[in-house]
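Pasted below: start03.tsv, TSV, C-alpha atoms.
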chain	number	residue	atom	x	y	z
A	11	MET	CA	-30.99	-26.49	8.60
A	12	ILE	CA	-27.48	-26.04	7.22
A	13	THR	CA	-26.50	-28.93	4.98
A	14	LYS	CA	-23.23	-30.81	4.58
A	15	GLU	CA	-23.19	-29.64	0.96
A	16	GLN	CA	-23.26	-25.98	2.08
A	17	VAL	CA	-20.25	-26.61	4.33
A	18	LEU	CA	-18.40	-28.41	1.55
A	19	ASP	CA	-19.10	-25.48	-0.78
A	20	ALA	CA	-17.83	-22.99	1.83
A	21	GLN	CA	-14.67	-25.07	2.22
A	22	LYS	CA	-14.17	-25.17	-1.55
A	23	GLN	CA	-14.54	-21.39	-1.77
A	24	TRP	CA	-12.11	-20.91	1.13
A	25	GLY	CA	-9.49	-23.17	-0.47
A	26	GLU	CA	-9.85	-21.51	-3.86
A	27	GLY	CA	-9.49	-18.10	-2.20
A	28	VAL	CA	-6.26	-19.10	-0.45
A	29	VAL	CA	-4.85	-20.36	-3.75
A	30	LYS	CA	-5.86	-17.14	-5.53
A	31	ILE	CA	-4.22	-14.96	-2.86
A	32	GLY	CA	-0.93	-16.77	-3.52
A	33	SER	CA	-1.34	-16.43	-7.28
A	34	LEU	CA	-1.50	-12.63	-6.84
A	35	LYS	CA	1.68	-12.49	-4.73
A	36	GLU	CA	3.72	-10.62	-7.37
A	37	THR	CA	1.10	-7.85	-7.76
A	38	ARG	CA	0.91	-6.57	-4.20
A	39	SER	CA	-2.02	-4.15	-4.64
A	40	ALA	CA	-4.17	-6.82	-6.30
A	41	CYS	CA	-3.13	-9.34	-3.64
A	42	GLU	CA	-4.09	-6.95	-0.82
A	43	ALA	CA	-7.42	-6.08	-2.45
A	44	PHE	CA	-8.37	-9.70	-3.07
A	45	ALA	CA	-7.24	-10.84	0.41
A	46	SER	CA	-9.35	-8.11	2.01
A	47	GLN	CA	-12.36	-9.12	-0.09
A	48	PHE	CA	-11.70	-12.80	0.74
A	49	LEU	CA	-11.80	-12.05	4.48
A	50	ASP	CA	-15.01	-10.03	4.06
A	51	GLU	CA	-16.69	-12.81	2.09
A	52	ARG	CA	-15.48	-15.84	4.06
A	53	TYR	CA	-15.34	-14.54	7.68
A	54	THR	CA	-17.70	-12.67	10.04
A	55	PHE	CA	-15.31	-9.88	11.08
A	56	GLU	CA	-17.98	-7.26	10.30
A	57	ASN	CA	-20.09	-8.76	13.11
A	58	GLY	CA	-17.41	-8.76	15.80
A	59	PRO	CA	-14.40	-10.84	16.75
A	60	VAL	CA	-13.65	-14.12	15.02
A	61	LEU	CA	-12.11	-16.90	17.08
A	62	PHE	CA	-9.09	-17.30	14.79
A	63	LYS	CA	-6.08	-19.38	15.85
A	64	PRO	CA	-3.85	-19.78	12.79
A	65	THR	CA	-1.25	-22.52	12.39
A	66	LYS	CA	2.08	-20.69	12.25
A	67	CYS	CA	1.78	-18.27	15.17
A	68	ALA	CA	3.75	-18.38	18.39
A	69	GLU	CA	3.97	-14.82	19.73
A	70	GLU	CA	0.48	-13.60	18.83
A	71	GLN	CA	-1.45	-16.85	18.75
A	72	PHE	CA	-4.97	-15.47	18.39
A	73	ARG	CA	-6.23	-13.14	15.64
A	74	PRO	CA	-9.75	-11.87	16.43
A	75	SER	CA	-9.71	-8.90	14.02
A	76	LYS	CA	-9.64	-8.58	10.24
A	77	VAL	CA	-6.38	-6.58	10.30
A	78	GLU	CA	-4.68	-9.36	12.29
A	79	ALA	CA	-6.04	-12.05	9.95
A	80	LEU	CA	-4.89	-10.07	6.91
A	81	SER	CA	-1.44	-9.84	8.48
A	82	TYR	CA	-1.36	-13.62	8.84
A	83	PHE	CA	-2.53	-14.33	5.30
A	84	ILE	CA	-0.39	-11.81	3.36
A	85	ALA	CA	2.10	-10.20	5.82
A	86	GLY	CA	3.77	-7.16	4.17
A	87	ASP	CA	5.68	-4.17	5.48
A	88	ASP	CA	2.63	-2.83	7.30
A	89	ARG	CA	1.62	-6.18	8.81
A	90	LYS	CA	-0.06	-6.03	12.21
A	91	CYS	CA	1.85	-8.97	13.68
A	92	LYS	CA	5.61	-8.92	13.16
A	93	GLU	CA	6.03	-12.73	13.16
A	94	ASP	CA	3.82	-13.13	10.07
A	95	GLN	CA	5.38	-14.38	6.85
A	96	GLY	CA	2.20	-14.47	4.74
A	97	PHE	CA	0.75	-17.96	4.95
A	98	ALA	CA	-1.44	-17.60	1.83
A	99	ILE	CA	1.30	-16.10	-0.33
A	100	ASN	CA	3.44	-19.24	0.08
A	101	PRO	CA	1.96	-19.78	-2.66
A	102	TRP	CA	-0.29	-22.86	-2.65
A	103	THR	CA	-1.57	-24.56	-5.78
A	104	ASN	CA	-4.31	-26.57	-4.08
A	105	VAL	CA	-6.16	-26.87	-0.78
A	106	ARG	CA	-8.01	-30.11	-0.06
A	107	PHE	CA	-10.30	-30.70	2.93
A	108	GLU	CA	-10.66	-34.13	4.53
A	109	ASN	CA	-13.49	-33.81	7.01
A	110	SER	CA	-13.68	-35.98	10.10
A	111	GLU	CA	-17.13	-34.88	11.24
A	112	PHE	CA	-19.76	-32.14	11.07
A	113	ILE	CA	-22.20	-30.61	13.50
A	114	LEU	CA	-25.07	-29.13	11.50
A	115	GLU	CA	-27.69	-26.85	13.04
A	116	GLU	CA	-30.24	-24.36	11.76
A	117	ASN	CA	-27.96	-21.29	11.63
A	118	ARG	CA	-24.60	-22.74	12.61
A	119	ALA	CA	-22.25	-25.52	11.56
A	120	ILE	CA	-18.92	-26.86	12.74
A	121	ALA	CA	-16.52	-28.99	10.71
A	122	MET	CA	-13.33	-30.66	11.90
A	123	GLY	CA	-10.67	-32.65	10.10
A	124	ASN	CA	-7.48	-32.20	8.15
A	125	TYR	CA	-6.73	-29.96	5.25
A	126	PHE	CA	-3.85	-30.35	2.90
A	127	PHE	CA	-1.93	-27.52	1.23
A	128	THR	CA	0.05	-28.30	-1.93
A	129	ASP	CA	2.94	-25.99	-2.84
A	130	LEU	CA	4.58	-25.27	-6.22
A	131	ASN	CA	6.88	-28.30	-5.85
A	132	ASP	CA	3.97	-30.66	-5.09
A	133	ASN	CA	4.94	-30.87	-1.42
A	134	VAL	CA	1.87	-31.32	0.76
A	135	ALA	CA	1.46	-29.87	4.25
A	136	LYS	CA	-1.13	-31.60	6.45
A	137	VAL	CA	-2.86	-29.33	8.97
A	138	GLU	CA	-5.63	-30.09	11.47
A	139	TYR	CA	-8.56	-27.69	11.52
A	140	THR	CA	-11.85	-26.78	13.16
A	141	PHE	CA	-14.05	-24.22	11.40
A	142	GLY	CA	-17.26	-22.82	12.82
A	143	TYR	CA	-19.74	-21.32	10.37
A	144	LYS	CA	-22.63	-18.96	10.89
A	145	LEU	CA	-25.42	-18.54	8.35
A	146	ILE	CA	-25.60	-14.84	7.42
A	147	ASN	CA	-27.91	-13.69	4.62
A	148	GLY	CA	-27.93	-17.17	3.13
A	149	GLU	CA	-24.11	-17.52	3.14
A	150	LEU	CA	-21.90	-19.50	5.49
A	151	LYS	CA	-19.25	-17.32	7.08
A	152	ILE	CA	-16.46	-18.41	9.41
A	153	ASP	CA	-16.57	-17.21	13.01
A	154	LEU	CA	-14.27	-19.93	14.40
A	155	HIS	CA	-11.02	-20.96	12.71
A	156	HIS	CA	-8.50	-23.08	14.56
A	157	SER	CA	-5.69	-24.88	12.79
A	158	SER	CA	-2.51	-26.56	13.91
A	159	PHE	CA	0.10	-29.00	12.73
A	160	PRO	CA	-0.51	-32.59	13.85
A	161	TYR	CA	1.20	-33.70	17.04
A	162	ASN	CA	4.69	-35.00	16.32
A	163	PRO	CA	6.40	-36.63	19.31
Conversion result in structure tokens:
Amino acid sequence: MITKEQVLDAQKQWGEGVVKIGSLKETRSACEAFASQFLDERYTFENGPVLFKPTKCAEEQFRPSKVEALSYFIAGDDRKCKEDQGFAINPWTNVRFENSEFILEENRAIAMGNYFFTDLNDNVAKVEYTFGYKLINGELKIDLHHSSFPYNP
């Protein structure tokens, strides 16, 4: 059975990875290499499509492949999706998860809540998320990632 602690650890690693991608922004080759490794370690792209709906996408809302996710996270001249500005290279100094609830099963877990991204000026962006995790070789990997800004009438 997957534990809440395993999910919290996966979230911590994800947040730290996003922060590190941004810290490498000025050294493009290192940023690209780390972002690619981050996607390999945190997501299940090697096993097929990932249900990935990032926050800041309007034209190409869904990103089921690693190349599309990489485009979202770091953009660049060769980005797959032209609307991408490089979400992870903002850069962010901290990512904090505030979980609403978990569904924990033997080989799968789902977490939903808010996560908060702090920028260099200490501004905080609140984003709603749902992450689905699959247990692969003892590690939790993301196969469902949906995030969006809270409703603002």
note - atom CA of Glu115 of chain A and atom CA of Asn57 of chain A are separated by 19.6 Å
Practice task
Using only C-alpha atoms, find the one residue out of A:Ser110, A:Leu34, A:Asp132, A:Lys144 that sits nearest to Val60 of chain A.
Solution key: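 Selected residue with least distance to Val60 of chain A: A:Lys144.
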Å distance separating atom CA of Tyr125 of chain A from atom CA of Lys22 of chain A, one decimal place =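 For atom CA of Tyr125 of chain A relative to atom CA of Lys22 of chain A, the distance reads 11.2 Å.
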With all atoms listed in the file as the counted atoms, please give the residues lying no more than 10 Å from Asn131 of chain A, apart from itself and same-chain residues fewer than 3 positions off, as a PDB file with C-alpha atoms, keeping the file's coordinate frame.
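Okay, selection-v2.pdb is ready:
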ATOM      1  CA  TRP A 102      -0.290 -22.860  -2.650  1.00  0.00           C
ATOM      2  CA  THR A 103      -1.570 -24.560  -5.780  1.00  0.00           C
ATOM      3  CA  THR A 128       0.050 -28.300  -1.930  1.00  0.00           C
ATOM      4  CA  VAL A 134       1.870 -31.320   0.760  1.00  0.00           C
TER       5      VAL A 134
END
Nearest residue to Ala20 of chain A from the set A:Lys63, A:Thr37, A:Phe127, A:Lys151 (distances using only C-alpha atoms):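 Ranking A:Lys63, A:Thr37, A:Phe127, A:Lys151 by distance to Ala20 of chain A, first place goes to A:Lys151.
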